[in-house]
>>> print(open('target.cif').read())   # mmCIF, C-alpha atoms
data_query
loop_
_atom_site.label_atom_id
_atom_site.label_comp_id
_atom_site.auth_asym_id
_atom_site.auth_seq_id
_atom_site.Cartn_x
_atom_site.Cartn_y
_atom_site.Cartn_z
CA MET A 1 0.00 0.00 0.00
CA PRO A 2 1.48 3.42 -0.94
CA ARG A 3 2.38 5.77 1.89
CA PRO A 4 -0.27 8.52 2.37
CA LYS A 5 0.78 11.83 0.87
CA SER A 6 1.72 14.21 3.65
CA PRO A 7 -0.52 17.28 4.04
CA VAL A 8 2.03 18.95 6.31
CA ARG A 9 3.24 22.37 5.20
CA LEU A 10 6.99 21.95 4.79
CA GLU A 11 7.59 25.62 5.43
CA TRP A 12 5.68 25.51 8.72
CA VAL A 13 7.91 26.51 11.62
CA ASP A 14 7.24 27.75 15.14
CA PRO A 15 9.34 30.93 15.28
CA ALA A 16 10.79 31.59 18.74
CA ILE A 17 10.09 35.32 18.56
CA CYS A 18 8.15 37.14 21.28
CA SER A 19 7.16 40.50 19.81
CA THR A 20 5.58 43.10 22.09
CA ASP A 21 2.31 43.20 20.14
CA TYR A 22 2.01 39.43 20.26
CA ARG A 23 2.85 39.34 23.97
CA LEU A 24 0.09 41.86 24.68
CA LYS A 25 -2.37 39.82 22.65
CA ILE A 26 -1.77 36.45 24.29
CA ILE A 27 -1.49 37.87 27.82
CA GLY A 28 -4.75 39.72 27.25
CA ARG A 29 -6.42 36.43 26.27
CA LEU A 30 -5.54 34.60 29.49
CA PRO A 31 -8.79 33.70 31.29
CA PHE A 32 -7.90 35.68 34.41
CA PHE A 33 -6.72 38.81 32.53
CA LYS A 34 -9.02 39.07 29.50
CA HIS A 35 -11.49 41.39 31.30
CA LEU A 36 -8.78 43.98 32.07
CA PRO A 37 -8.27 47.19 30.03
CA PRO A 38 -5.30 47.58 27.63
CA GLY A 39 -3.38 49.80 30.06
CA ALA A 40 -3.48 47.12 32.75
CA ILE A 41 -2.41 44.44 30.25
CA ALA A 42 0.57 46.59 29.22
CA LYS A 43 1.64 46.91 32.87
CA ILE A 44 1.23 43.18 33.42
CA ASN A 45 3.26 42.49 30.27
CA SER A 46 6.22 44.31 31.83
CA LEU A 47 6.22 41.73 34.64
CA PHE A 48 6.58 38.77 32.25
CA HIS A 49 10.07 37.79 31.09
CA ASP A 50 10.68 35.82 27.89
CA VAL A 51 12.92 32.77 27.59
CA ASP A 52 13.89 30.93 24.38
CA VAL A 53 13.81 27.16 24.84
CA SER A 54 15.17 24.54 22.43
CA ALA A 55 13.18 21.47 21.35
CA GLY A 56 13.61 18.70 23.93
CA GLU A 57 14.75 21.05 26.69
CA ARG A 58 13.15 20.70 30.15
CA ILE A 59 11.52 23.89 31.40
CA TYR A 60 11.04 22.41 34.87
CA PHE A 61 10.89 18.96 36.45
CA GLU A 62 8.15 17.26 38.44
CA GLY A 63 8.85 17.99 42.12
CA ASP A 64 10.73 21.25 41.48
CA GLU A 65 9.73 24.21 43.62
CA ALA A 66 6.95 26.10 41.84
CA GLU A 67 8.12 29.71 41.56
CA TYR A 68 6.73 30.81 38.19
CA LEU A 69 3.64 30.75 36.05
CA TYR A 70 4.51 30.13 32.39
CA LEU A 71 2.83 31.10 29.13
CA VAL A 72 3.61 29.62 25.71
CA ALA A 73 4.16 32.50 23.31
CA MET A 74 5.45 30.54 20.31
CA GLY A 75 6.02 26.82 19.89
CA LYS A 76 4.70 23.68 21.57
CA VAL A 77 5.24 22.37 25.11
CA LYS A 78 4.27 18.96 26.48
CA LEU A 79 3.47 18.17 30.11
CA VAL A 80 4.35 14.70 31.41
CA ARG A 81 4.03 12.93 34.76
CA ASN A 82 5.54 9.71 36.08
CA THR A 83 3.19 7.15 37.63
CA ALA A 84 3.98 5.08 40.72
CA SER A 85 4.97 2.21 38.39
CA GLY A 86 7.50 4.43 36.61
CA ARG A 87 5.50 4.85 33.41
CA GLU A 88 5.51 8.31 31.84
CA VAL A 89 2.06 9.73 31.11
CA LEU A 90 1.66 12.58 28.61
CA LEU A 91 -0.88 14.93 30.18
CA ASP A 92 -1.18 17.64 27.56
CA ILE A 93 0.37 19.42 24.60
CA LEU A 94 0.30 23.20 24.82
CA ARG A 95 0.47 25.80 22.05
CA GLY A 96 0.78 29.57 21.84
CA GLY A 97 -1.55 31.23 24.36
CA ASP A 98 -1.70 28.29 26.81
CA TYR A 99 -0.46 28.77 30.38
CA PHE A 100 1.16 26.15 32.61
CA GLY A 101 3.16 25.73 35.79
CA SER A 102 2.10 26.79 39.24
CA PHE A 103 2.96 28.51 42.47
CA SER A 104 1.31 28.65 45.89
CA THR A 105 -0.95 31.52 44.81
CA LEU A 106 -2.58 29.18 42.28
CA SER A 107 -2.46 25.59 43.49
CA GLY A 108 0.71 24.24 45.07
CA ARG A 109 4.32 24.65 46.17
CA VAL A 110 5.88 22.12 43.80
CA HIS A 111 5.28 21.25 40.16
CA THR A 112 3.20 18.10 39.75
CA GLU A 113 4.47 17.45 36.20
CA THR A 114 7.52 17.95 33.99
CA ALA A 115 7.32 20.55 31.20
CA ILE A 116 9.33 19.84 28.02
CA ALA A 117 9.63 21.99 24.90
CA GLN A 118 8.36 19.90 22.01
CA THR A 119 9.57 22.45 19.46
CA ASP A 120 11.85 25.46 19.66
CA SER A 121 9.73 27.80 21.74
CA CYS A 122 9.45 31.25 23.25
CA ILE A 123 8.11 31.05 26.80
CA LEU A 124 6.95 33.92 29.00
CA ARG A 125 7.15 33.55 32.77
CA ILE A 126 6.07 35.57 35.78
CA SER A 127 7.23 35.10 39.37
CA ALA A 128 4.93 34.41 42.30
CA GLY A 129 5.81 37.78 43.84
CA ASP A 130 4.94 39.70 40.68
CA PHE A 131 1.70 37.75 40.31
CA ASP A 132 0.80 38.64 43.91
CA ARG A 133 1.26 42.30 43.00
CA ILE A 134 -1.22 41.87 40.15
CA LEU A 135 -3.74 40.35 42.58
CA ALA A 136 -3.24 43.29 44.93
CA ASP A 137 -3.85 45.80 42.10
CA HIS A 138 -6.79 43.87 40.58
CA THR A 139 -8.73 42.02 43.29
CA ASP A 140 -11.25 40.68 40.74
CA VAL A 141 -8.44 38.65 39.14
CA THR A 142 -8.43 36.34 42.19
CA ARG A 143 -11.90 35.00 41.37
CA LYS A 144 -10.90 34.49 37.74
CA VAL A 145 -7.81 32.56 38.86
CA LEU A 146 -9.88 30.30 41.10
CA GLU A 147 -12.29 29.62 38.22
CA ALA A 148 -9.38 28.75 35.90
CA VAL A 149 -7.79 26.43 38.47
CA SER A 150 -11.16 24.73 39.06
CA GLN A 151 -11.59 24.14 35.33
CA ARG A 152 -8.07 22.69 35.05
CA LEU A 153 -8.80 20.36 37.98
CA ALA A 154 -12.01 19.13 36.34
CA GLU A 155 -10.13 18.44 33.10
CA SER A 156 -7.43 16.52 34.98
CA GLN A 157 -10.05 14.44 36.79
CA GLU A 158 -11.67 13.55 33.46
CA ILE A 159 -8.33 12.36 32.08
CA VAL A 160 -7.74 10.24 35.21
CA LYS A 161 -11.23 8.77 34.78
CA GLN A 162 -10.50 7.87 31.18
CA LEU A 163 -7.19 6.20 32.05
CA SER A 164 -8.82 4.07 34.73
CA ALA A 165 -12.20 3.24 33.19
CA TYR A 166 -12.00 3.50 29.38
CA THR A 167 -10.85 0.79 27.00
CA VAL A 168 -7.64 1.44 25.05
CA GLU A 169 -9.57 2.33 21.88
CA GLN A 170 -11.77 4.73 23.84
CA ARG A 171 -8.71 6.40 25.36
CA ILE A 172 -7.01 6.77 21.98
CA ALA A 173 -10.18 8.15 20.38
CA SER A 174 -10.61 10.63 23.26
CA ALA A 175 -6.97 11.72 23.02
CA LEU A 176 -7.30 12.33 19.27
CA MET A 177 -10.41 14.41 19.87
CA ARG A 178 -8.61 16.51 22.51
CA LEU A 179 -5.71 17.10 20.12
CA ALA A 180 -8.12 17.98 17.31
CA SER A 181 -9.92 20.46 19.54
CA LYS A 182 -6.70 22.21 20.59
CA LEU A 183 -4.42 21.82 17.59
CA GLY A 184 -6.59 20.75 14.67
CA GLU A 185 -6.98 22.59 11.36
CA ALA A 186 -10.09 22.17 9.22
CA ARG A 187 -9.16 20.50 5.90
CA GLY A 188 -12.26 19.96 3.79
CA GLU A 189 -14.46 17.59 5.78
CA GLY A 190 -11.54 16.43 7.93
CA VAL A 191 -9.43 17.85 10.76
CA LEU A 192 -5.63 17.85 10.41
CA ILE A 193 -3.40 17.51 13.47
CA GLN A 194 0.22 18.26 12.64
CA LEU A 195 3.06 18.54 15.11
CA PRO A 196 6.12 16.57 16.21
CA PHE A 197 4.00 13.79 17.71
CA SER A 198 4.81 10.09 17.62
CA ARG A 199 2.82 6.97 18.41
CA GLN A 200 5.02 6.69 21.48
CA ASP A 201 3.64 10.07 22.57
CA LEU A 202 0.09 8.86 21.93
CA ALA A 203 0.85 5.73 23.99
CA ALA A 204 2.10 7.93 26.83
CA MET A 205 -1.04 10.04 26.54
CA THR A 206 -3.34 7.03 26.81
CA GLY A 207 -1.53 4.74 29.24
CA SER A 208 -0.89 2.09 26.58
CA THR A 209 2.00 0.76 24.49
CA THR A 210 3.22 1.81 21.05
CA GLU A 211 2.26 -1.60 19.68
CA THR A 212 -1.31 -1.22 20.99
CA VAL A 213 -1.54 2.31 19.59
CA SER A 214 -0.27 1.13 16.20
CA ARG A 215 -2.90 -1.62 16.04
CA ALA A 216 -5.68 0.76 17.08
CA MET A 217 -4.60 3.45 14.62
CA SER A 218 -4.44 0.87 11.82
CA ARG A 219 -7.95 -0.23 12.65
CA PHE A 220 -9.18 3.38 12.74
CA ALA A 221 -7.63 3.88 9.29
CA GLU A 222 -9.24 0.70 7.92
CA GLU A 223 -12.61 1.88 9.20
CA GLY A 224 -12.18 5.28 7.50
CA LEU A 225 -11.92 7.26 10.73
CA ILE A 226 -8.41 8.65 10.21
CA ARG A 227 -5.52 8.92 7.79
CA SER A 228 -2.01 9.36 9.18
CA GLY A 229 1.62 9.76 8.28
CA ARG A 230 4.87 11.01 9.80
CA LYS A 231 4.06 13.82 12.26
CA TRP A 232 0.43 14.18 11.17
CA VAL A 233 -3.02 12.66 11.60
CA THR A 234 -6.17 13.67 9.72
CA ILE A 235 -9.46 12.79 11.40
CA LEU A 236 -11.87 11.96 8.60
CA ASN A 237 -14.98 11.24 10.67
CA LEU A 238 -15.07 13.15 13.94
CA ASN A 239 -18.63 12.08 14.79
CA ARG A 240 -17.83 8.38 14.55
CA LEU A 241 -14.67 8.93 16.60
CA LYS A 242 -16.80 10.56 19.31
CA GLU A 243 -19.15 7.58 19.26
CA LEU A 244 -16.17 5.25 19.58
CA ALA A 245 -14.95 7.17 22.62
CA LYS A 246 -18.37 6.74 24.24
CA ARG A 247 -19.11 3.14 23.33
CA GLY A 248 -15.67 1.61 22.80
CA ALA A 249 -16.36 -0.10 19.46
CA VAL A 250 -16.30 0.86 15.80
CA ASN A 251 -19.57 0.02 14.07
#
>>> encode(input="target.cif", output="structure tokens")
Amino acid sequence: MPRPKSPVRLEWVDPAICSTDYRLKIIGRLPFFKHLPPGAIAKINSLFHDVDVSAGERIYFEGDEAEYLYLVAMGKVKLVRNTASGREVLLDILRGGDYFGSFSTLSGRVHTETAIAQTDSCILRISAGDFDRILADHTDVTRKVLEAVSQRLAESQEIVKQLSAYTVEQRIASALMRLASKLGEARGEGVLIQLPFSRQDLAAMTGSTTETVSRAMSRFAEEGLIRSGRKWVTILNLNRLKELAKRGAVN
């Protein structure tokens, strides 16, 4: 069988450049800042410091003291956690505009996951002390922060539920839908997911093995649900994939 033609744009690159205008835009879109006026966003921007990170570089490790909140400006970052059995679980893949990390103001004193740059990236970070100053200047931000943390907790609990109660095919289908929702691009009637993402990553995201993922992905392809190649997956039938996630079987 011929290899599927890649739909990936060869010129596509994540530029590690944090321009001021772009910084203002993504900071202003954070759920706890988006209600603030432009002048306040500009002042908050001055408290964020940018860091260029190379693909594969660790931004912080699980168990490190949580001193900063981070924001992806450009690039992709993955969050991983080690289970008690030593298996690495891929929790999420973040893109420009997504925040991550923690400090005591938000949820804890140590990081509960390891953050790794998946591509060359530009990361913005703000210290706990500077974030406390924002809360002092804008007391309504505190409620927004609590709402954001609560939403993140609910999402984490849903992932834990899936890992413990779903079949492997359900977990893989759910993971593909999450990736499509965050990173997908509409291509005709399908949704293209393109990023440096291997079947090993998908196995880590679903608590399975690369062999199991390969078999499931092959079956999805045979059933006309997906088409895939190196560093890309196109979901051809999102509705049927959703049904698979719910019922655990392809009809």
>>> residues_around(input="target.cif", residues="Ala73 (chain A)", least_positions_apart="2", cutoff="12 Å", atoms="only C-alpha atoms", output="PyMOL selection string")
chain A and resi 14-27+29-30+48-53+70-71+75-77+94-100+117+120-125
>>> atom_distance(input="target.cif", atom1="CA of Val145 (chain A)", atom2="CA of Leu47 (chain A)")
17.3 Å
>>> resolve_selection(input="target.cif", expression="the PyMOL selection byres ((chain A and resi 110) around 6)", output="PyMOL selection string")
chain A and resi 63-66+108-109+111
>>> closest_residue(input="target.cif", among="A:Ser208, A:Ser214, A:Gln194, A:Ala245", to="Arg230 (chain A)", atoms="all atoms listed in the file")
A:Gln194
>>> resolve_selection(input="target.cif", expression="the PyMOL selection byres ((chain A and resi 159) around 10)", output="ChimeraX atom specification")
/A:91-92,153-158,160-166,171,174-175,205-206
>>> closest_residue(input="target.cif", among="A:Val149, A:Val213, A:Trp232, A:Gln118", to="Ser54 (chain A)", atoms="all atoms listed in the file")
A:Gln118
>>> residues_near_point(input="target.cif", point="(-7.9, 34.0, 42.1)", cutoff="12 Å", atoms="all atoms listed in the file", output="list in words")
Pro31, Phe32, Phe33, Ser104, Thr105, Leu106, Ser107, Phe131, Asp132, Ile134, Leu135, Ala136, His138, Thr139, Asp140, Val141, Thr142, Arg143, Lys144, Val145, Leu146, Glu147, Ala148, Val149 and Ser150 of chain A
>>> write_last_selection(input="target.cif", atoms="C-alpha atoms", output="PDB file, in the coordinates of the input")
ATOM      1  CA  PRO A  31      -8.790  33.700  31.290  1.00  0.00           C
ATOM      2  CA  PHE A  32      -7.900  35.680  34.410  1.00  0.00           C
ATOM      3  CA  PHE A  33      -6.720  38.810  32.530  1.00  0.00           C
ATOM      4  CA  SER A 104       1.310  28.650  45.890  1.00  0.00           C
ATOM      5  CA  THR A 105      -0.950  31.520  44.810  1.00  0.00           C
ATOM      6  CA  LEU A 106      -2.580  29.180  42.280  1.00  0.00           C
ATOM      7  CA  SER A 107      -2.460  25.590  43.490  1.00  0.00           C
ATOM      8  CA  PHE A 131       1.700  37.750  40.310  1.00  0.00           C
ATOM      9  CA  ASP A 132       0.800  38.640  43.910  1.00  0.00           C
ATOM     10  CA  ILE A 134      -1.220  41.870  40.150  1.00  0.00           C
ATOM     11  CA  LEU A 135      -3.740  40.350  42.580  1.00  0.00           C
ATOM     12  CA  ALA A 136      -3.240  43.290  44.930  1.00  0.00           C
ATOM     13  CA  HIS A 138      -6.790  43.870  40.580  1.00  0.00           C
ATOM     14  CA  THR A 139      -8.730  42.020  43.290  1.00  0.00           C
ATOM     15  CA  ASP A 140     -11.250  40.680  40.740  1.00  0.00           C
ATOM     16  CA  VAL A 141      -8.440  38.650  39.140  1.00  0.00           C
ATOM     17  CA  THR A 142      -8.430  36.340  42.190  1.00  0.00           C
ATOM     18  CA  ARG A 143     -11.900  35.000  41.370  1.00  0.00           C
ATOM     19  CA  LYS A 144     -10.900  34.490  37.740  1.00  0.00           C
ATOM     20  CA  VAL A 145      -7.810  32.560  38.860  1.00  0.00           C
ATOM     21  CA  LEU A 146      -9.880  30.300  41.100  1.00  0.00           C
ATOM     22  CA  GLU A 147     -12.290  29.620  38.220  1.00  0.00           C
ATOM     23  CA  ALA A 148      -9.380  28.750  35.900  1.00  0.00           C
ATOM     24  CA  VAL A 149      -7.790  26.430  38.470  1.00  0.00           C
ATOM     25  CA  SER A 150     -11.160  24.730  39.060  1.00  0.00           C
TER      26      SER A 150
END
>>> closest_residue(input="target.cif", among="A:Arg187, A:Arg133, A:Lys246, A:Arg227", to="Ala173 (chain A)", atoms="only C-alpha atoms")
A:Lys246
>>> axis_aligned_box(input="target.cif", around="region 147-159 of chain A", padding_each_side="6 Å", output="lines of an AutoDock Vina configuration file")
center_x = -9.9
center_y = 21.0
center_z = 35.6
size_x = 16.9
size_y = 29.3
size_z = 19.0
>>> atom_distance(input="target.cif", atom1="CA of Ala55 (chain A)", atom2="CA of Val191 (chain A)")
25.2 Å
>>> atom_distance(input="target.cif", atom1="CA of Glu62 (chain A)", atom2="CA of Gly207 (chain A)")
18.3 Å
>>> closest_residue(input="target.cif", among="A:Arg240, A:Arg87, A:Arg152, A:His35", to="Glu223 (chain A)", atoms="all atoms listed in the file")
A:Arg240
>>> closest_residue(input="target.cif", among="A:Thr212, A:Lys231, A:Gly56, A:Asn237", to="Thr167 (chain A)", atoms="all atoms listed in the file")
A:Thr212
>>> residues_around(input="target.cif", residues="Thr234 (chain A)", least_positions_apart="5", cutoff="9 Å", atoms="only C-alpha atoms", output="number ranges by chain")
A: 7, 180, 184, 187, 190-194, 225-229
>>> closest_residue(input="target.cif", among="A:Ile116, A:Met177, A:Ile93, A:Ile41", to="Leu241 (chain A)", atoms="only C-alpha atoms")
A:Met177
>>> residues_around(input="target.cif", residues="region 217-222 of chain A", least_positions_apart="6", cutoff="12 Å", atoms="only C-alpha atoms", output="count of residues only")
28
>>> build_atoms(input="target.cif", residues="region 159-182 of chain A", atoms="N, CA and C atoms", output="tab-separated table (two decimals), in the coordinates of the input")
chain	number	residue	atom	x	y	z
A	159	ILE	N	-9.40	13.16	32.67
A	159	ILE	CA	-8.33	12.36	32.08
A	159	ILE	C	-8.03	11.15	32.96
A	160	VAL	N	-7.98	11.34	34.28
A	160	VAL	CA	-7.74	10.24	35.21
A	160	VAL	C	-8.86	9.20	35.08
A	161	LYS	N	-10.10	9.67	34.95
A	161	LYS	CA	-11.23	8.77	34.78
A	161	LYS	C	-11.07	7.94	33.51
A	162	GLN	N	-10.68	8.58	32.44
A	162	GLN	CA	-10.50	7.87	31.18
A	162	GLN	C	-9.41	6.81	31.28
A	163	LEU	N	-8.30	7.15	31.93
A	163	LEU	CA	-7.19	6.20	32.05
A	163	LEU	C	-7.56	4.99	32.88
A	164	SER	N	-8.47	5.17	33.83
A	164	SER	CA	-8.82	4.07	34.73
A	164	SER	C	-10.04	3.28	34.28
A	165	ALA	N	-10.93	3.89	33.50
A	165	ALA	CA	-12.20	3.24	33.19
A	165	ALA	C	-12.43	2.97	31.70
A	166	TYR	N	-11.76	3.67	30.82
A	166	TYR	CA	-12.00	3.50	29.38
A	166	TYR	C	-11.17	2.36	28.82
A	167	THR	N	-11.66	1.76	27.74
A	167	THR	CA	-10.85	0.79	27.00
A	167	THR	C	-9.74	1.56	26.27
A	168	VAL	N	-8.75	0.81	25.76
A	168	VAL	CA	-7.64	1.44	25.05
A	168	VAL	C	-8.14	2.23	23.84
A	169	GLU	N	-9.06	1.63	23.06
A	169	GLU	CA	-9.57	2.33	21.88
A	169	GLU	C	-10.32	3.59	22.28
A	170	GLN	N	-11.08	3.53	23.37
A	170	GLN	CA	-11.77	4.73	23.84
A	170	GLN	C	-10.78	5.81	24.24
A	171	ARG	N	-9.71	5.41	24.93
A	171	ARG	CA	-8.71	6.40	25.36
A	171	ARG	C	-8.01	7.03	24.17
A	172	ILE	N	-7.68	6.24	23.17
A	172	ILE	CA	-7.01	6.77	21.98
A	172	ILE	C	-7.95	7.70	21.21
A	173	ALA	N	-9.21	7.29	21.07
A	173	ALA	CA	-10.18	8.15	20.38
A	173	ALA	C	-10.36	9.46	21.12
A	174	SER	N	-10.45	9.41	22.45
A	174	SER	CA	-10.61	10.63	23.26
A	174	SER	C	-9.40	11.53	23.14
A	175	ALA	N	-8.20	10.93	23.14
A	175	ALA	CA	-6.97	11.72	23.02
A	175	ALA	C	-6.91	12.41	21.66
A	176	LEU	N	-7.29	11.71	20.60
A	176	LEU	CA	-7.30	12.33	19.27
A	176	LEU	C	-8.29	13.48	19.21
A	177	MET	N	-9.43	13.33	19.87
A	177	MET	CA	-10.41	14.41	19.87
A	177	MET	C	-9.89	15.62	20.64
A	178	ARG	N	-9.18	15.39	21.75
A	178	ARG	CA	-8.61	16.51	22.51
A	178	ARG	C	-7.58	17.24	21.67
A	179	LEU	N	-6.73	16.48	20.98
A	179	LEU	CA	-5.71	17.10	20.12
A	179	LEU	C	-6.36	17.87	18.97
A	180	ALA	N	-7.42	17.30	18.40
A	180	ALA	CA	-8.12	17.98	17.31
A	180	ALA	C	-8.73	19.29	17.78
A	181	SER	N	-9.29	19.26	18.99
A	181	SER	CA	-9.92	20.46	19.54
A	181	SER	C	-8.91	21.57	19.78
A	182	LYS	N	-7.71	21.21	20.25
A	182	LYS	CA	-6.70	22.21	20.59
A	182	LYS	C	-5.83	22.59	19.41
